[in-house]
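What follows is a short report on a single structure.
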Amino acid sequence: MVHLKTGLIGYPLKNSLSPEIFKIFGKLTGFRISYSLKETRENNLAAVLKRLRGSGWTGVNITLPLKEAVTDFLPPPRRGTALPREVFGIGAANTLKFSKTGITGINTDAIALADA
(Lines give C-alpha, C1' and ligand atoms only; values in the text may rest on other atoms or scores of the structure.)
Protein backbone atom coordinates (compact mmCIF):
# COMPACT_ATOMS: atom_id res chain seq x y z
CA MET A 1 0.00 0.00 0.00
CA VAL A 2 1.32 3.44 -0.94
CA HIS A 3 1.85 5.77 2.02
CA LEU A 4 1.73 9.50 1.40
CA LYS A 5 2.92 11.79 4.16
CA THR A 6 1.61 15.21 3.26
CA GLY A 7 -0.42 18.16 4.43
CA LEU A 8 -1.29 21.81 4.09
CA ILE A 9 0.85 24.82 4.92
CA GLY A 10 -0.27 28.43 5.26
CA TYR A 11 -1.92 30.64 7.83
CA PRO A 12 -4.55 30.42 9.23
CA LEU A 13 -5.65 26.82 8.75
CA LYS A 14 -8.23 26.33 11.49
CA ASN A 15 -11.15 26.15 9.02
CA SER A 16 -9.49 23.81 6.53
CA LEU A 17 -11.49 20.84 5.34
CA SER A 18 -8.42 19.28 3.70
CA PRO A 19 -7.76 16.58 6.33
CA GLU A 20 -11.30 15.21 5.90
CA ILE A 21 -11.11 15.45 2.10
CA PHE A 22 -7.84 13.52 2.01
CA LYS A 23 -9.20 10.94 4.45
CA ILE A 24 -12.05 10.25 2.00
CA PHE A 25 -9.63 10.31 -0.96
CA GLY A 26 -7.44 7.73 0.78
CA LYS A 27 -10.38 5.40 1.36
CA LEU A 28 -11.51 5.72 -2.26
CA THR A 29 -8.06 5.13 -3.76
CA GLY A 30 -6.51 2.70 -1.31
CA PHE A 31 -3.67 5.10 -0.51
CA ARG A 32 -2.60 5.42 3.10
CA ILE A 33 -2.47 9.20 3.59
CA SER A 34 -1.14 10.99 6.65
CA TYR A 35 -2.40 14.55 6.16
CA SER A 36 -1.47 17.26 8.66
CA LEU A 37 -2.08 20.98 8.95
CA LYS A 38 1.09 23.00 9.54
CA GLU A 39 0.40 26.64 10.25
CA THR A 40 3.27 28.45 8.60
CA ARG A 41 4.05 32.10 8.03
CA GLU A 42 6.33 33.43 5.32
CA ASN A 43 9.14 34.29 7.74
CA ASN A 44 9.64 30.60 8.64
CA LEU A 45 8.71 29.05 5.29
CA ALA A 46 12.27 27.97 4.38
CA ALA A 47 12.75 26.16 7.69
CA VAL A 48 9.36 24.44 7.50
CA LEU A 49 9.93 23.20 3.94
CA LYS A 50 13.39 21.91 4.86
CA ARG A 51 12.05 20.12 7.95
CA LEU A 52 9.09 18.52 6.15
CA ARG A 53 11.18 17.41 3.18
CA GLY A 54 13.86 16.04 5.52
CA SER A 55 11.32 14.06 7.54
CA GLY A 56 9.98 12.09 4.60
CA TRP A 57 7.00 14.12 3.51
CA THR A 58 5.86 13.45 -0.07
CA GLY A 59 4.89 17.10 -0.55
CA VAL A 60 2.47 19.76 0.59
CA ASN A 61 -0.49 21.79 -0.51
CA ILE A 62 -0.08 25.54 -0.06
CA THR A 63 -2.75 28.06 0.79
CA LEU A 64 -2.70 31.80 1.16
CA PRO A 65 -0.64 33.76 1.79
CA LEU A 66 2.23 31.45 0.76
CA LYS A 67 1.33 30.51 -2.84
CA GLU A 68 3.59 33.21 -4.26
CA ALA A 69 6.38 32.90 -1.68
CA VAL A 70 6.98 29.18 -2.35
CA THR A 71 8.17 29.92 -5.88
CA ASP A 72 11.42 31.22 -4.35
CA PHE A 73 12.24 27.60 -3.42
CA LEU A 74 11.68 26.14 -6.88
CA PRO A 75 14.27 25.69 -9.63
CA PRO A 76 13.83 28.02 -12.61
CA PRO A 77 11.87 26.71 -15.60
CA ARG A 78 13.74 24.66 -18.19
CA ARG A 79 13.04 24.21 -21.86
CA GLY A 80 10.56 21.37 -22.40
CA THR A 81 9.04 21.46 -18.90
CA ALA A 82 5.54 22.94 -19.04
CA LEU A 83 4.53 22.88 -15.38
CA PRO A 84 7.35 25.01 -13.97
CA ARG A 85 6.76 27.57 -16.73
CA GLU A 86 3.12 27.63 -15.73
CA VAL A 87 4.04 28.23 -12.09
CA PHE A 88 6.51 30.97 -12.94
CA GLY A 89 4.20 32.57 -15.50
CA ILE A 90 1.50 32.89 -12.87
CA GLY A 91 3.97 33.51 -10.05
CA ALA A 92 2.33 31.06 -7.67
CA ALA A 93 2.18 27.36 -6.78
CA ASN A 94 -0.36 25.56 -4.64
CA THR A 95 1.26 22.13 -4.57
CA LEU A 96 4.86 21.09 -3.93
CA LYS A 97 6.28 17.63 -4.51
CA PHE A 98 9.44 16.68 -2.61
CA SER A 99 12.04 14.33 -4.08
CA LYS A 100 15.65 13.40 -3.44
CA THR A 101 16.72 15.88 -6.10
CA GLY A 102 14.63 18.86 -5.03
CA ILE A 103 11.20 20.41 -5.00
CA THR A 104 8.75 20.63 -7.89
CA GLY A 105 5.89 23.13 -7.91
CA ILE A 106 2.51 22.84 -9.58
CA ASN A 107 -0.41 25.24 -9.78
CA THR A 108 -3.47 22.99 -9.87
CA ASP A 109 -5.70 26.07 -9.70
CA ALA A 110 -4.39 27.19 -13.08
CA ILE A 111 -4.71 23.70 -14.55
CA ALA A 112 -8.34 23.43 -13.37
CA LEU A 113 -9.16 26.90 -14.73
CA ALA A 114 -7.60 26.08 -18.11
CA ASP A 115 -9.54 22.79 -18.24
CA ALA A 116 -12.81 24.57 -17.43
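Letters A, B, ... go to the chains of the C-alpha coordinates in the order shown; residues in each chain start at 1; ligands are counted from 1 in the same order.
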Inset, instruction - Using DSSP on the backbone coordinates, identify all residues within chain A classified as helix (DSSP H, G or I); present the result as JSON, numbers by chain. - result: {"A": [18, 19, 20, 21, 22, 23, 24, 25, 26, 27, 28, 29, 42, 43, 44, 45, 46, 47, 48, 49, 50, 51, 52, 53, 54, 69, 70, 71, 72, 73, 82, 83, 84, 85, 86, 87, 88, 89, 90, 108, 109, 110, 111, 112, 113, 114, 115]}
Could you give me, as a short mmCIF file (atom, residue, chain, number, x, y, z; two decimals) with all heavy atoms, in the first residue's frame, each residue of chain A that DSSP assigns to strand (DSSP E or B) when run on this structure's backbone?
```
data_model
loop_
_atom_site.label_atom_id
_atom_site.label_comp_id
_atom_site.auth_asym_id
_atom_site.auth_seq_id
_atom_site.Cartn_x
_atom_site.Cartn_y
_atom_site.Cartn_z
N HIS A 3 2.04 4.87 0.89
CA HIS A 3 1.85 5.77 2.02
C HIS A 3 2.32 7.16 1.62
O HIS A 3 3.47 7.34 1.23
CB HIS A 3 2.61 5.30 3.25
CG HIS A 3 2.43 6.22 4.42
ND1 HIS A 3 3.46 6.53 5.26
CD2 HIS A 3 1.36 6.91 4.88
CE1 HIS A 3 3.03 7.37 6.19
NE2 HIS A 3 1.75 7.61 5.97
N LEU A 4 1.41 8.12 1.69
CA LEU A 4 1.73 9.50 1.40
C LEU A 4 1.71 10.30 2.69
O LEU A 4 0.71 10.31 3.40
CB LEU A 4 0.71 10.10 0.42
CG LEU A 4 0.56 9.40 -0.92
CD1 LEU A 4 -0.59 10.00 -1.72
CD2 LEU A 4 1.85 9.48 -1.70
N LYS A 5 2.82 10.93 2.99
CA LYS A 5 2.92 11.79 4.16
C LYS A 5 2.90 13.21 3.63
O LYS A 5 3.85 13.66 2.98
CB LYS A 5 4.22 11.49 4.91
CG LYS A 5 4.34 12.14 6.24
CD LYS A 5 5.60 11.65 6.94
CE LYS A 5 5.78 12.32 8.28
NZ LYS A 5 7.02 11.91 8.92
N THR A 6 1.81 13.91 3.87
CA THR A 6 1.61 15.21 3.26
C THR A 6 0.73 16.08 4.14
O THR A 6 0.35 15.69 5.23
CB THR A 6 1.00 15.03 1.84
OG1 THR A 6 0.96 16.28 1.17
CG2 THR A 6 -0.38 14.42 1.89
N GLY A 7 0.42 17.27 3.66
CA GLY A 7 -0.42 18.16 4.43
C GLY A 7 -0.57 19.51 3.76
O GLY A 7 -0.27 19.69 2.59
N LEU A 8 -1.01 20.45 4.55
CA LEU A 8 -1.29 21.81 4.09
C LEU A 8 -0.49 22.78 4.92
O LEU A 8 -0.44 22.67 6.15
CB LEU A 8 -2.79 22.10 4.25
CG LEU A 8 -3.29 23.49 3.88
CD1 LEU A 8 -3.14 23.74 2.39
CD2 LEU A 8 -4.74 23.66 4.32
N ILE A 9 0.15 23.75 4.22
CA ILE A 9 0.85 24.82 4.92
C ILE A 9 0.24 26.16 4.53
O ILE A 9 -0.27 26.33 3.43
CB ILE A 9 2.38 24.82 4.65
CG1 ILE A 9 2.69 25.04 3.17
CG2 ILE A 9 3.00 23.54 5.16
CD1 ILE A 9 4.17 25.24 2.89
N GLY A 10 0.29 27.10 5.45
CA GLY A 10 -0.27 28.43 5.26
C GLY A 10 -0.72 28.96 6.61
O GLY A 10 -0.43 28.36 7.65
N ARG A 32 -2.68 5.09 1.67
CA ARG A 32 -2.60 5.42 3.10
C ARG A 32 -2.04 6.85 3.16
O ARG A 32 -0.90 7.08 2.78
CB ARG A 32 -1.69 4.45 3.82
CG ARG A 32 -1.74 4.60 5.32
CD ARG A 32 -0.98 3.48 6.00
NE ARG A 32 -0.22 4.10 7.05
CZ ARG A 32 1.05 3.87 7.30
NH1 ARG A 32 1.73 3.02 6.57
NH2 ARG A 32 1.66 4.48 8.27
N ILE A 33 -2.85 7.79 3.60
CA ILE A 33 -2.47 9.20 3.59
C ILE A 33 -2.43 9.74 5.00
O ILE A 33 -3.43 9.69 5.72
CB ILE A 33 -3.44 10.04 2.74
CG1 ILE A 33 -3.49 9.51 1.30
CG2 ILE A 33 -3.04 11.51 2.77
CD1 ILE A 33 -4.54 10.17 0.42
N SER A 34 -1.28 10.25 5.39
CA SER A 34 -1.14 10.99 6.65
C SER A 34 -1.16 12.46 6.24
O SER A 34 -0.24 12.94 5.59
CB SER A 34 0.18 10.67 7.34
OG SER A 34 0.27 9.29 7.62
N TYR A 35 -2.22 13.16 6.60
CA TYR A 35 -2.40 14.55 6.16
C TYR A 35 -2.49 15.45 7.39
O TYR A 35 -3.38 15.30 8.20
CB TYR A 35 -3.67 14.68 5.32
CG TYR A 35 -3.72 15.96 4.52
CD1 TYR A 35 -3.27 15.99 3.21
CD2 TYR A 35 -4.21 17.13 5.07
CE1 TYR A 35 -3.30 17.16 2.47
CE2 TYR A 35 -4.25 18.30 4.34
CZ TYR A 35 -3.79 18.31 3.04
OH TYR A 35 -3.82 19.48 2.31
N SER A 36 -1.54 16.39 7.49
CA SER A 36 -1.47 17.26 8.66
C SER A 36 -1.54 18.73 8.25
O SER A 36 -1.09 19.10 7.17
CB SER A 36 -0.14 17.05 9.39
OG SER A 36 0.00 15.72 9.79
N LEU A 37 -2.07 19.53 9.13
CA LEU A 37 -2.08 20.98 8.95
C LEU A 37 -0.88 21.56 9.67
O LEU A 37 -0.67 21.28 10.85
CB LEU A 37 -3.37 21.58 9.52
CG LEU A 37 -4.68 21.08 8.92
CD1 LEU A 37 -5.86 21.74 9.63
CD2 LEU A 37 -4.74 21.31 7.42
N LYS A 38 -0.09 22.37 8.95
CA LYS A 38 1.09 23.00 9.54
C LYS A 38 0.98 24.50 9.33
O LYS A 38 1.28 25.02 8.25
CB LYS A 38 2.39 22.49 8.88
CG LYS A 38 2.62 21.00 9.03
CD LYS A 38 2.90 20.65 10.46
CE LYS A 38 3.17 19.16 10.58
NZ LYS A 38 3.29 18.71 11.95
N GLU A 39 0.50 25.19 10.36
CA GLU A 39 0.40 26.64 10.25
C GLU A 39 1.79 27.23 10.08
O GLU A 39 2.68 26.97 10.88
CB GLU A 39 -0.33 27.23 11.44
CG GLU A 39 -1.81 26.88 11.40
CD GLU A 39 -2.68 27.81 12.22
OE1 GLU A 39 -2.20 28.37 13.22
OE2 GLU A 39 -3.85 27.96 11.84
N GLY A 59 5.10 15.75 -0.04
CA GLY A 59 4.89 17.10 -0.55
C GLY A 59 3.86 17.80 0.30
O GLY A 59 3.44 17.28 1.34
N VAL A 60 3.46 18.98 -0.15
CA VAL A 60 2.47 19.76 0.59
C VAL A 60 1.57 20.52 -0.37
O VAL A 60 1.95 20.83 -1.49
CB VAL A 60 3.12 20.79 1.56
CG1 VAL A 60 3.81 20.12 2.70
CG2 VAL A 60 4.06 21.73 0.83
N ASN A 61 0.39 20.82 0.13
CA ASN A 61 -0.49 21.79 -0.51
C ASN A 61 -0.20 23.13 0.16
O ASN A 61 0.14 23.17 1.34
CB ASN A 61 -1.95 21.42 -0.32
CG ASN A 61 -2.30 20.09 -0.94
OD1 ASN A 61 -2.75 19.19 -0.25
ND2 ASN A 61 -2.09 19.95 -2.23
N ILE A 62 -0.36 24.20 -0.59
CA ILE A 62 -0.08 25.54 -0.06
C ILE A 62 -1.33 26.39 -0.20
O ILE A 62 -2.01 26.36 -1.23
CB ILE A 62 1.07 26.22 -0.84
CG1 ILE A 62 2.35 25.40 -0.73
CG2 ILE A 62 1.32 27.61 -0.34
CD1 ILE A 62 2.65 24.63 -1.95
N THR A 95 0.87 23.50 -4.91
CA THR A 95 1.26 22.13 -4.57
C THR A 95 2.77 21.99 -4.78
O THR A 95 3.29 22.42 -5.80
CB THR A 95 0.53 21.11 -5.47
OG1 THR A 95 -0.87 21.32 -5.35
CG2 THR A 95 0.87 19.70 -5.09
N LEU A 96 3.44 21.40 -3.81
CA LEU A 96 4.86 21.09 -3.93
C LEU A 96 5.05 19.61 -3.77
O LEU A 96 4.45 18.98 -2.90
CB LEU A 96 5.68 21.81 -2.85
CG LEU A 96 5.67 23.33 -2.84
CD1 LEU A 96 6.56 23.84 -1.70
CD2 LEU A 96 6.12 23.91 -4.16
N LYS A 97 5.90 19.04 -4.61
CA LYS A 97 6.28 17.63 -4.51
C LYS A 97 7.75 17.58 -4.13
O LYS A 97 8.59 18.23 -4.76
CB LYS A 97 6.07 16.92 -5.84
CG LYS A 97 6.44 15.46 -5.80
CD LYS A 97 6.24 14.81 -7.15
CE LYS A 97 6.72 13.37 -7.08
NZ LYS A 97 6.68 12.74 -8.40
N PHE A 98 8.06 16.83 -3.07
CA PHE A 98 9.44 16.68 -2.61
C PHE A 98 10.04 15.42 -3.21
O PHE A 98 9.38 14.38 -3.27
CB PHE A 98 9.50 16.57 -1.09
CG PHE A 98 8.91 17.74 -0.35
CD1 PHE A 98 8.26 17.55 0.85
CD2 PHE A 98 9.01 19.03 -0.83
CE1 PHE A 98 7.73 18.62 1.57
CE2 PHE A 98 8.49 20.11 -0.14
CZ PHE A 98 7.83 19.90 1.06
N SER A 99 11.31 15.50 -3.60
CA SER A 99 12.04 14.33 -4.08
C SER A 99 13.48 14.42 -3.57
O SER A 99 13.87 15.42 -2.97
CB SER A 99 12.02 14.26 -5.61
OG SER A 99 12.80 15.30 -6.15
N GLY A 102 15.10 17.49 -5.24
CA GLY A 102 14.63 18.86 -5.03
C GLY A 102 13.14 18.95 -4.82
O GLY A 102 12.49 18.01 -4.38
N ILE A 103 12.62 20.12 -5.17
CA ILE A 103 11.20 20.41 -5.00
C ILE A 103 10.63 20.82 -6.35
O ILE A 103 11.22 21.61 -7.08
CB ILE A 103 11.00 21.57 -3.99
CG1 ILE A 103 11.59 21.22 -2.63
CG2 ILE A 103 9.52 21.91 -3.85
CD1 ILE A 103 11.55 22.37 -1.63
N THR A 104 9.46 20.27 -6.68
CA THR A 104 8.75 20.63 -7.89
C THR A 104 7.46 21.33 -7.49
O THR A 104 6.77 20.88 -6.57
CB THR A 104 8.40 19.37 -8.72
OG1 THR A 104 9.59 18.65 -8.98
CG2 THR A 104 7.73 19.74 -10.03
N GLY A 105 7.12 22.41 -8.19
CA GLY A 105 5.89 23.13 -7.91
C GLY A 105 4.88 22.97 -9.02
O GLY A 105 5.23 22.88 -10.19
N ILE A 106 3.62 22.94 -8.64
CA ILE A 106 2.51 22.84 -9.58
C ILE A 106 1.45 23.85 -9.14
O ILE A 106 1.30 24.13 -7.96
CB ILE A 106 1.89 21.42 -9.57
CG1 ILE A 106 2.94 20.37 -9.92
CG2 ILE A 106 0.71 21.33 -10.53
CD1 ILE A 106 2.49 18.95 -9.67
#
```
Inset, instruction - Name all residues at most 7 Å from Lys67 (chain A) (count only C-alpha atoms; drop same-chain ones fewer than 6 positions away) and give them as a ChimeraX atom specification. - result: /A:92-94
Residues from last step as file, C-alpha atoms, as a short mmCIF file (atom, residue, chain, number, x, y, z; two decimals), in the first residue's frame:
```cif
data_model
loop_
_atom_site.label_atom_id
_atom_site.label_comp_id
_atom_site.auth_asym_id
_atom_site.auth_seq_id
_atom_site.Cartn_x
_atom_site.Cartn_y
_atom_site.Cartn_z
CA ALA A 92 2.33 31.06 -7.67
CA ALA A 93 2.18 27.36 -6.78
CA ASN A 94 -0.36 25.56 -4.64
#
```
Inset, instruction - Would you work out the distance separating CA of Thr63 (chain A) from CA of Thr40 (chain A), expressed in Å to one decimal? - result: 9.9 Å
